[in-house]
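Structure below is entry03.pdb: PDB, C-alpha atoms.
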ATOM      1  CA  MET F1373       3.750  -1.728 -28.115  1.00  0.00           C
ATOM      2  CA  LEU F1374       0.429  -3.614 -27.967  1.00  0.00           C
ATOM      3  CA  ILE F1375       1.875  -6.134 -25.518  1.00  0.00           C
ATOM      4  CA  LYS F1376       3.162  -3.329 -23.295  1.00  0.00           C
ATOM      5  CA  GLY F1377      -0.249  -1.660 -23.316  1.00  0.00           C
ATOM      6  CA  ILE F1378      -2.004  -4.923 -22.452  1.00  0.00           C
ATOM      7  CA  TYR F1379       0.495  -5.479 -19.654  1.00  0.00           C
ATOM      8  CA  ILE F1380      -0.317  -2.081 -18.131  1.00  0.00           C
ATOM      9  CA  PHE F1381      -3.983  -3.087 -18.052  1.00  0.00           C
ATOM     10  CA  PHE F1382      -2.949  -6.422 -16.523  1.00  0.00           C
ATOM     11  CA  ALA F1383      -1.051  -4.513 -13.813  1.00  0.00           C
ATOM     12  CA  TYR F1384      -4.230  -2.586 -13.023  1.00  0.00           C
ATOM     13  CA  LEU F1385      -6.234  -5.813 -12.777  1.00  0.00           C
ATOM     14  CA  CYS F1386      -3.539  -7.377 -10.619  1.00  0.00           C
ATOM     15  CA  GLY F1387      -3.614  -4.384  -8.286  1.00  0.00           C
ATOM     16  CA  SER F1388      -7.399  -4.581  -8.277  1.00  0.00           C
ATOM     17  CA  ILE F1389      -7.511  -8.052  -6.729  1.00  0.00           C
ATOM     18  CA  PRO F1390      -9.598  -7.358  -3.608  1.00  0.00           C
ATOM     19  CA  SER F1391      -7.405  -9.328  -1.228  1.00  0.00           C
ATOM     20  CA  ALA F1392      -8.875  -7.809   1.951  1.00  0.00           C
ATOM     21  CA  TYR F1393     -12.398  -8.663   0.803  1.00  0.00           C
ATOM     22  CA  ILE F1394     -11.423 -12.202  -0.236  1.00  0.00           C
ATOM     23  CA  VAL F1395      -9.423 -12.971   2.903  1.00  0.00           C
ATOM     24  CA  ALA F1396     -12.214 -11.687   5.170  1.00  0.00           C
ATOM     25  CA  LYS F1397     -14.701 -13.912   3.352  1.00  0.00           C
ATOM     26  CA  VAL F1398     -12.392 -16.942   3.554  1.00  0.00           C
ATOM     27  CA  PHE F1399     -12.081 -16.396   7.306  1.00  0.00           C
ATOM     28  CA  GLY F1400     -15.858 -16.405   7.594  1.00  0.00           C
ATOM     29  CA  LYS F1401     -16.387 -12.700   8.142  1.00  0.00           C
ATOM     30  CA  ALA F1402     -18.819 -10.282   6.549  1.00  0.00           C
ATOM     31  CA  ASP F1403     -18.000  -7.893   3.727  1.00  0.00           C
ATOM     32  CA  ILE F1404     -14.882  -6.056   4.964  1.00  0.00           C
ATOM     33  CA  ARG F1405     -16.449  -2.832   3.712  1.00  0.00           C
ATOM     34  CA  VAL F1406     -19.195  -2.976   6.339  1.00  0.00           C
ATOM     35  CA  ILE F1407     -17.140  -3.976   9.377  1.00  0.00           C
ATOM     36  CA  GLY F1408     -14.494  -2.085  11.320  1.00  0.00           C
ATOM     37  CA  SER F1409     -13.435   1.093   9.560  1.00  0.00           C
ATOM     38  CA  GLY F1410     -15.054  -0.054   6.314  1.00  0.00           C
ATOM     39  CA  ASN F1411     -11.761   0.240   4.428  1.00  0.00           C
ATOM     40  CA  PRO F1412     -10.893  -2.839   2.337  1.00  0.00           C
ATOM     41  CA  GLY F1413      -7.237  -2.861   3.356  1.00  0.00           C
ATOM     42  CA  THR F1414      -4.713  -4.660   5.514  1.00  0.00           C
ATOM     43  CA  THR F1415      -5.242  -2.590   8.669  1.00  0.00           C
ATOM     44  CA  ASN F1416      -8.979  -3.179   8.766  1.00  0.00           C
ATOM     45  CA  VAL F1417      -8.509  -6.907   8.188  1.00  0.00           C
ATOM     46  CA  LEU F1418      -5.914  -7.030  10.960  1.00  0.00           C
ATOM     47  CA  ARG F1419      -8.250  -5.247  13.366  1.00  0.00           C
ATOM     48  CA  SER F1420     -11.557  -6.841  12.344  1.00  0.00           C
ATOM     49  CA  VAL F1421     -10.588 -10.370  11.290  1.00  0.00           C
ATOM     50  CA  GLY F1422      -7.319 -11.231  13.023  1.00  0.00           C
ATOM     51  CA  LYS F1423      -3.530 -11.309  12.835  1.00  0.00           C
ATOM     52  CA  ILE F1424      -3.191 -14.255  10.444  1.00  0.00           C
ATOM     53  CA  ALA F1425      -5.757 -12.761   8.074  1.00  0.00           C
ATOM     54  CA  GLY F1426      -4.037  -9.383   8.312  1.00  0.00           C
ATOM     55  CA  ILE F1427      -0.603 -10.822   7.555  1.00  0.00           C
ATOM     56  CA  LEU F1428      -2.009 -12.787   4.608  1.00  0.00           C
ATOM     57  CA  THR F1429      -3.707  -9.690   3.213  1.00  0.00           C
ATOM     58  CA  PHE F1430      -0.513  -7.684   3.630  1.00  0.00           C
ATOM     59  CA  ALA F1431       1.548 -10.322   1.793  1.00  0.00           C
ATOM     60  CA  VAL F1432      -0.876 -10.451  -1.129  1.00  0.00           C
ATOM     61  CA  ASP F1433      -1.105  -6.657  -1.344  1.00  0.00           C
ATOM     62  CA  VAL F1434       2.687  -6.314  -1.411  1.00  0.00           C
ATOM     63  CA  SER F1435       2.871  -8.987  -4.126  1.00  0.00           C
ATOM     64  CA  LYS F1436       0.280  -7.109  -6.194  1.00  0.00           C
ATOM     65  CA  GLY F1437       2.720  -4.222  -6.426  1.00  0.00           C
ATOM     66  CA  PHE F1438       6.002  -6.103  -6.603  1.00  0.00           C
ATOM     67  CA  GLY F1439       5.079  -8.697  -9.245  1.00  0.00           C
ATOM     68  CA  PRO F1440       3.835  -6.427 -12.041  1.00  0.00           C
ATOM     69  CA  VAL F1441       6.744  -3.986 -11.663  1.00  0.00           C
ATOM     70  CA  TYR F1442       9.385  -6.705 -11.394  1.00  0.00           C
ATOM     71  CA  PHE F1443       8.267  -8.282 -14.677  1.00  0.00           C
ATOM     72  CA  ALA F1444       7.768  -4.861 -16.295  1.00  0.00           C
ATOM     73  CA  LEU F1445      11.485  -4.251 -15.798  1.00  0.00           C
ATOM     74  CA  ILE F1446      12.112  -7.498 -17.695  1.00  0.00           C
ATOM     75  CA  ILE F1447       9.738  -6.570 -20.529  1.00  0.00           C
ATOM     76  CA  ASP F1448      11.199  -3.078 -20.848  1.00  0.00           C
ATOM     77  CA  SER F1449      14.112  -1.825 -18.756  1.00  0.00           C
ATOM     78  CA  SER F1450      12.927   1.766 -19.167  1.00  0.00           C
ATOM     79  CA  PHE F1451      12.229   3.370 -15.790  1.00  0.00           C
ATOM     80  CA  TYR F1452       9.375   5.360 -17.276  1.00  0.00           C
ATOM     81  CA  TYR F1453       7.561   2.248 -18.468  1.00  0.00           C
ATOM     82  CA  SER F1454       7.986   0.628 -15.060  1.00  0.00           C
ATOM     83  CA  ILE F1455       6.490   3.634 -13.257  1.00  0.00           C
ATOM     84  CA  VAL F1456       3.448   3.569 -15.525  1.00  0.00           C
ATOM     85  CA  VAL F1457       2.989  -0.094 -14.600  1.00  0.00           C
ATOM     86  CA  ALA F1458       3.616   0.743 -10.933  1.00  0.00           C
ATOM     87  CA  PHE F1459       1.049   3.514 -10.994  1.00  0.00           C
ATOM     88  CA  ALA F1460      -1.483   1.202 -12.674  1.00  0.00           C
ATOM     89  CA  ALA F1461      -1.030  -1.389  -9.911  1.00  0.00           C
ATOM     90  CA  ILE F1462      -1.409   1.195  -7.146  1.00  0.00           C
ATOM     91  CA  ILE F1463      -4.473   2.768  -8.789  1.00  0.00           C
ATOM     92  CA  GLY F1464      -5.932  -0.723  -9.160  1.00  0.00           C
ATOM     93  CA  HIS F1465      -5.547  -1.304  -5.437  1.00  0.00           C
ATOM     94  CA  MET F1466      -6.978   2.080  -4.476  1.00  0.00           C
ATOM     95  CA  PHE F1467      -9.845   1.946  -6.980  1.00  0.00           C
ATOM     96  CA  THR F1468     -10.520  -1.710  -7.646  1.00  0.00           C
ATOM     97  CA  ILE F1469     -12.941  -2.492 -10.432  1.00  0.00           C
ATOM     98  CA  PHE F1470     -14.080  -5.561  -8.486  1.00  0.00           C
ATOM     99  CA  LEU F1471     -15.481  -3.527  -5.567  1.00  0.00           C
ATOM    100  CA  LYS F1472     -17.080  -0.663  -7.474  1.00  0.00           C
ATOM    101  CA  PHE F1473     -13.787   1.276  -7.327  1.00  0.00           C
ATOM    102  CA  ASN F1474     -13.730   1.205  -3.518  1.00  0.00           C
ATOM    103  CA  GLY F1475     -10.230   0.050  -2.586  1.00  0.00           C
ATOM    104  CA  GLY F1476      -7.470   0.349  -0.028  1.00  0.00           C
ATOM    105  CA  LYS F1477      -5.074   3.191   0.620  1.00  0.00           C
ATOM    106  CA  GLY F1478      -2.086   1.906  -1.317  1.00  0.00           C
ATOM    107  CA  VAL F1479       0.445   1.425   1.470  1.00  0.00           C
ATOM    108  CA  ALA F1480       1.198  -2.306   1.128  1.00  0.00           C
ATOM    109  CA  THR F1481       0.905  -2.307  -2.671  1.00  0.00           C
ATOM    110  CA  GLY F1482       3.077   0.819  -2.780  1.00  0.00           C
ATOM    111  CA  LEU F1483       5.654  -1.002  -0.675  1.00  0.00           C
ATOM    112  CA  GLY F1484       5.682  -3.822  -3.214  1.00  0.00           C
ATOM    113  CA  VAL F1485       6.110  -1.387  -6.085  1.00  0.00           C
ATOM    114  CA  PHE F1486       9.093   0.308  -4.471  1.00  0.00           C
ATOM    115  CA  LEU F1487      10.657  -2.979  -3.378  1.00  0.00           C
ATOM    116  CA  ALA F1488      10.955  -3.706  -7.103  1.00  0.00           C
ATOM    117  CA  LEU F1489      12.040  -0.188  -8.100  1.00  0.00           C
ATOM    118  CA  MET F1490      14.068   1.058  -5.119  1.00  0.00           C
ATOM    119  CA  PRO F1491      14.707  -1.709  -2.562  1.00  0.00           C
ATOM    120  CA  LEU F1492      16.686   0.244   0.043  1.00  0.00           C
ATOM    121  CA  PRO F1493      14.367   3.267   0.395  1.00  0.00           C
ATOM    122  CA  SER F1494      11.318   1.005   0.540  1.00  0.00           C
ATOM    123  CA  ILE F1495      12.866  -1.142   3.281  1.00  0.00           C
ATOM    124  CA  VAL F1496      13.769   1.965   5.284  1.00  0.00           C
ATOM    125  CA  ALA F1497      10.222   3.298   4.790  1.00  0.00           C
ATOM    126  CA  PHE F1498       8.821   0.001   6.063  1.00  0.00           C
ATOM    127  CA  ILE F1499      11.085   0.201   9.112  1.00  0.00           C
ATOM    128  CA  ILE F1500       9.812   3.749   9.748  1.00  0.00           C
ATOM    129  CA  PHE F1501       6.239   2.502   9.504  1.00  0.00           C
ATOM    130  CA  SER F1502       6.922  -0.410  11.841  1.00  0.00           C
ATOM    131  CA  LEU F1503       8.623   1.718  14.490  1.00  0.00           C
ATOM    132  CA  VAL F1504       5.947   4.419  14.485  1.00  0.00           C
ATOM    133  CA  PHE F1505       3.171   1.815  14.503  1.00  0.00           C
ATOM    134  CA  VAL F1506       4.661  -0.160  17.383  1.00  0.00           C
ATOM    135  CA  VAL F1507       5.417   2.928  19.479  1.00  0.00           C
ATOM    136  CA  SER F1508       2.177   4.843  18.807  1.00  0.00           C
ATOM    137  CA  GLY F1509      -0.283   2.084  18.007  1.00  0.00           C
ATOM    138  CA  TYR F1510      -1.544   4.051  15.011  1.00  0.00           C
ATOM    139  CA  ALA F1511      -1.185   2.332  11.637  1.00  0.00           C
ATOM    140  CA  ALA F1512      -2.272   5.494   9.824  1.00  0.00           C
ATOM    141  CA  LEU F1513       0.428   7.563  11.527  1.00  0.00           C
ATOM    142  CA  GLY F1514       3.023   4.952  10.596  1.00  0.00           C
ATOM    143  CA  SER F1515       1.817   5.003   6.995  1.00  0.00           C
ATOM    144  CA  VAL F1516       1.996   8.795   6.749  1.00  0.00           C
ATOM    145  CA  CYS F1517       5.477   8.906   8.313  1.00  0.00           C
ATOM    146  CA  ALA F1518       6.679   6.198   5.932  1.00  0.00           C
ATOM    147  CA  ALA F1519       5.221   8.108   2.977  1.00  0.00           C
ATOM    148  CA  VAL F1520       7.038  11.266   4.068  1.00  0.00           C
ATOM    149  CA  GLY F1521      10.278   9.353   4.600  1.00  0.00           C
ATOM    150  CA  LEU F1522      10.310   7.480   1.283  1.00  0.00           C
ATOM    151  CA  PRO F1523      11.245  10.360  -1.076  1.00  0.00           C
ATOM    152  CA  LEU F1524      13.701  11.742   1.485  1.00  0.00           C
ATOM    153  CA  VAL F1525      15.484   8.393   1.794  1.00  0.00           C
ATOM    154  CA  SER F1526      15.402   8.038  -2.001  1.00  0.00           C
ATOM    155  CA  PHE F1527      17.100  11.401  -2.374  1.00  0.00           C
ATOM    156  CA  PHE F1528      19.785  10.790   0.231  1.00  0.00           C
ATOM    157  CA  SER F1529      20.388   7.279  -1.128  1.00  0.00           C
ATOM    158  CA  GLY F1530      21.596   8.795  -4.384  1.00  0.00           C
ATOM    159  CA  TYR F1531      18.666   7.973  -6.655  1.00  0.00           C
ATOM    160  CA  GLY F1532      18.061  10.226  -9.632  1.00  0.00           C
ATOM    161  CA  ALA F1533      15.507  12.998  -9.837  1.00  0.00           C
ATOM    162  CA  ASP F1534      13.026  10.813 -11.738  1.00  0.00           C
ATOM    163  CA  HIS F1535      13.004   8.205  -8.951  1.00  0.00           C
ATOM    164  CA  VAL F1536      12.678  10.852  -6.245  1.00  0.00           C
ATOM    165  CA  VAL F1537       9.875  12.691  -8.041  1.00  0.00           C
ATOM    166  CA  PHE F1538       7.930   9.470  -8.589  1.00  0.00           C
ATOM    167  CA  SER F1539       8.323   8.409  -4.960  1.00  0.00           C
ATOM    168  CA  PHE F1540       7.197  11.886  -3.888  1.00  0.00           C
ATOM    169  CA  ALA F1541       4.132  11.742  -6.162  1.00  0.00           C
ATOM    170  CA  VAL F1542       3.055   8.339  -4.823  1.00  0.00           C
ATOM    171  CA  SER F1543       3.677   9.479  -1.251  1.00  0.00           C
ATOM    172  CA  VAL F1544       1.467  12.540  -1.722  1.00  0.00           C
ATOM    173  CA  PHE F1545      -1.264  10.328  -3.168  1.00  0.00           C
ATOM    174  CA  ILE F1546      -1.050   7.912  -0.227  1.00  0.00           C
ATOM    175  CA  ILE F1547      -1.113  10.744   2.316  1.00  0.00           C
ATOM    176  CA  TYR F1548      -4.165  12.178   0.547  1.00  0.00           C
ATOM    177  CA  LYS F1549      -5.924   8.821   0.881  1.00  0.00           C
ATOM    178  CA  HIS F1550      -5.272   9.076   4.628  1.00  0.00           C
ATOM    179  CA  LYS F1551      -6.864  12.514   4.981  1.00  0.00           C
ATOM    180  CA  ALA F1552      -9.742  11.152   7.096  1.00  0.00           C
ATOM    181  CA  ASN F1553      -7.263   9.333   9.352  1.00  0.00           C
ATOM    182  CA  ILE F1554      -5.183  12.495   9.714  1.00  0.00           C
ATOM    183  CA  ARG F1555      -8.280  14.416  10.745  1.00  0.00           C
ATOM    184  CA  ARG F1556      -9.154  11.761  13.342  1.00  0.00           C
ATOM    185  CA  LEU F1557      -5.580  11.767  14.621  1.00  0.00           C
ATOM    186  CA  LYS F1558      -5.854  15.512  15.198  1.00  0.00           C
ATOM    187  CA  GLU F1559      -9.195  15.040  16.943  1.00  0.00           C
ATOM    188  CA  GLY F1560      -7.893  12.132  19.028  1.00  0.00           C
ATOM    189  CA  SER F1561     -10.565   9.771  17.686  1.00  0.00           C
ATOM    190  CA  GLU F1562      -8.417   7.526  15.472  1.00  0.00           C
ATOM    191  CA  ASN F1563      -8.588   3.808  16.262  1.00  0.00           C
ATOM    192  CA  ARG F1564      -5.498   2.641  18.094  1.00  0.00           C
ATOM    193  CA  PHE F1565      -4.026  -0.837  18.232  1.00  0.00           C
ATOM    194  CA  LYS F1566      -3.187  -1.995  21.729  1.00  0.00           C
ATOM    195  CA  ILE F1567       0.082  -3.700  20.793  1.00  0.00           C
ATOM    196  CA  PHE F1568       1.393  -4.037  24.313  1.00  0.00           C
ATOM    197  CA  LYS F1569      -1.645  -5.256  26.188  1.00  0.00           C
ATOM    198  CA  ARG F1570      -1.558  -5.342  29.939  1.00  0.00           C
ATOM    199  CA  LYS F1571      -2.512  -8.647  31.509  1.00  0.00           C
TER     200      LYS F1571
END
Since I need it in another form, could you write the structure as structure tokens?
Amino acid sequence: MLIKGIYIFFAYLCGSIPSAYIVAKVFGKADIRVIGSGNPGTTNVLRSVGKIAGILTFAVDVSKGFGPVYFALIIDSSFYYSIVVAFAAIIGHMFTIFLKFNGGKGVATGLGVFLALMPLPSIVAFIIFSLVFVVSGYAALGSVCAAVGLPLVSFFSGYGADHVVFSFAVSVFIIYKHKANIRRLKEGSENRFKIFKRK
């Protein structure tokens, strides 16, 4: 029991690794919290630092969710233990102790968590995000659509009520973290990526 409790705390610390902050610093940029949107997450790194830095941040953030949950399933095959670990990793990313509890919005780390728990729904959710992002240019809109789609895909994929409820709870949390983006989307002031740039 003690080991399981320590591991939950480890999952929080793992999720708390401020990858966006570290990558921005490595690439010679200022504190990611004072440039761009000010959010220490993948999207801001992609916009403010560059594609390579953004991809690297995304990969680390996904790993922060996938790793702890994957090994939690080895420590204890109970779904309920794994979701506690998953939640700890996501909370760590959103409220990292290393940046005075100012973290990202949980999308990439959430993807990692669900890749370990429910591979198919998480892959479909990522495809939804990618399509919406590419077509609209809005990462926030892609994230919200993916969050809405995840529990629906989980349900129609035949997962049990516990899996669907957990995916729904995380999705609601992620959408809540995007409330400012949703407001800007409504106002037409949200930052848009120009994916298909005209020469």
**Message:** Using all atoms listed in the file - which residues lie no farther than 12 Å from the point (-4.6, -8.4, 9.4) in the file's frame? Write them as a PyMOL selection string.
**Reply:** chain F and resi 1391-1393+1395-1396+1399+1404+1408+1412-1433+1480+1511+1565
**Prompt:** Which is closest to Phe1538 (chain F) among F:Ser1515, F:Ser1454, F:Thr1468, F:Ser1502, if we use only C-alpha atoms?
**Reply:**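 Nearest to Phe1538 (chain F): F:Ser1454.
Relative to CA of Leu1483 (chain F), CA of Ala1444 (chain F) is found at 16.2 Å.
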Once you add 4 Å to each side, what are the centre and edge lengths of the axis-aligned box holding all listed atoms of region 1547-1552 of chain F? One decimal in Å, as lines of an AutoDock Vina configuration file, if you can.
center_x = -5.4
center_y = 10.7
center_z = 3.8
size_x = 16.6
size_y = 11.7
size_z = 14.5
Give me the residues within 9 Å of Phe1486 (chain F) as a compact mmCIF listing (two decimals) with C-alpha atoms, in the coordinates of the input, counting all atoms listed in the file and dropping any in the same chain fewer than 3 places off.
# COMPACT_ATOMS: atom_id res chain seq x y z
CA GLY F 1437 2.72 -4.22 -6.43
CA PHE F 1438 6.00 -6.10 -6.60
CA VAL F 1441 6.74 -3.99 -11.66
CA ALA F 1458 3.62 0.74 -10.93
CA THR F 1481 0.90 -2.31 -2.67
CA GLY F 1482 3.08 0.82 -2.78
CA LEU F 1483 5.65 -1.00 -0.68
CA LEU F 1489 12.04 -0.19 -8.10
CA MET F 1490 14.07 1.06 -5.12
CA PRO F 1491 14.71 -1.71 -2.56
CA LEU F 1492 16.69 0.24 0.04
CA PRO F 1493 14.37 3.27 0.40
CA SER F 1494 11.32 1.00 0.54
CA ILE F 1495 12.87 -1.14 3.28
CA SER F 1539 8.32 8.41 -4.96
**Request:** Any chance you could resolve the PyMOL selection byres ((chain F and resi 1465) around 8) against this file and give the residues as an MDAnalysis selection string?
**Result:** chainID F and resid 1384 1387:1390 1461:1464 1466:1468 1475:1478 1481
**Message:** For a test of reading the model, state the distance in Å between CA of Phe1382 (chain F) and CA of Val1398 (chain F), rounded to one decimal.
**Reply:** 24.6 Å
**Atomic separation - CA of Leu1445 (chain F) relative to CA of Phe1459 (chain F), Å** =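 Atom-to-atom, CA of Phe1459 (chain F) and CA of Leu1445 (chain F) are spaced 13.9 Å apart.
Nearest-residue note for Arg1405 (chain F): choosing from F:Ser1435, F:Asn1474, F:Ser1449, F:Ser1526, the minimum distance belongs to F:Asn1474, counting all atoms listed in the file.
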**Message:** Considering only C-alpha atoms, can you say which of F:Ser1543, F:Ile1469, F:Leu1487, F:Phe1381 comes closest to Ala1518 (chain F)?
**Reply:** F:Ser1543
**Item:** F:Val1456, F:Val1496, F:Val1479, F:Ala1512 ranked by distance to Gly1377 (chain F), top pick (using only C-alpha atoms)
**Value:** F:Val1456
**Message:** the PyMOL selection byres ((chain F and resi 1505) around 12) - which residues does that actually catch in the file I just gave you? List them as a list in words.
**Reply:**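 On the file shown, the PyMOL selection byres ((chain F and resi 1505) around 12) covers Thr1415, Phe1498, Ile1499, Ile1500, Phe1501, Ser1502, Leu1503, Val1504, Val1506, Val1507, Ser1508, Gly1509, Tyr1510, Ala1511, Ala1512, Leu1513, Gly1514, Ser1515, Val1516, Cys1517, Ala1518, Arg1564, Phe1565, Lys1566, Ile1567 and Phe1568 of chain F.
Proximity of F:Ile1455, F:Ala1383, F:Glu1562, F:Pro1523 to His1550 (chain F), computed with all atoms listed in the file, is greatest for F:Glu1562.
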**Message:** Report as a list of chain:residue names all protein, DNA and RNA residues lying within 10 Å of Phe1443 (chain F), evaluated on all atoms listed in the file, omitting residues in the same chain fewer than 3 positions from it.
**Reply:**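 Returned residues: F:Tyr1379, F:Phe1438, F:Gly1439, F:Pro1440, F:Ile1446, F:Ile1447, F:Asp1448, F:Ser1449, F:Ser1454, F:Val1457, F:Ala1488.
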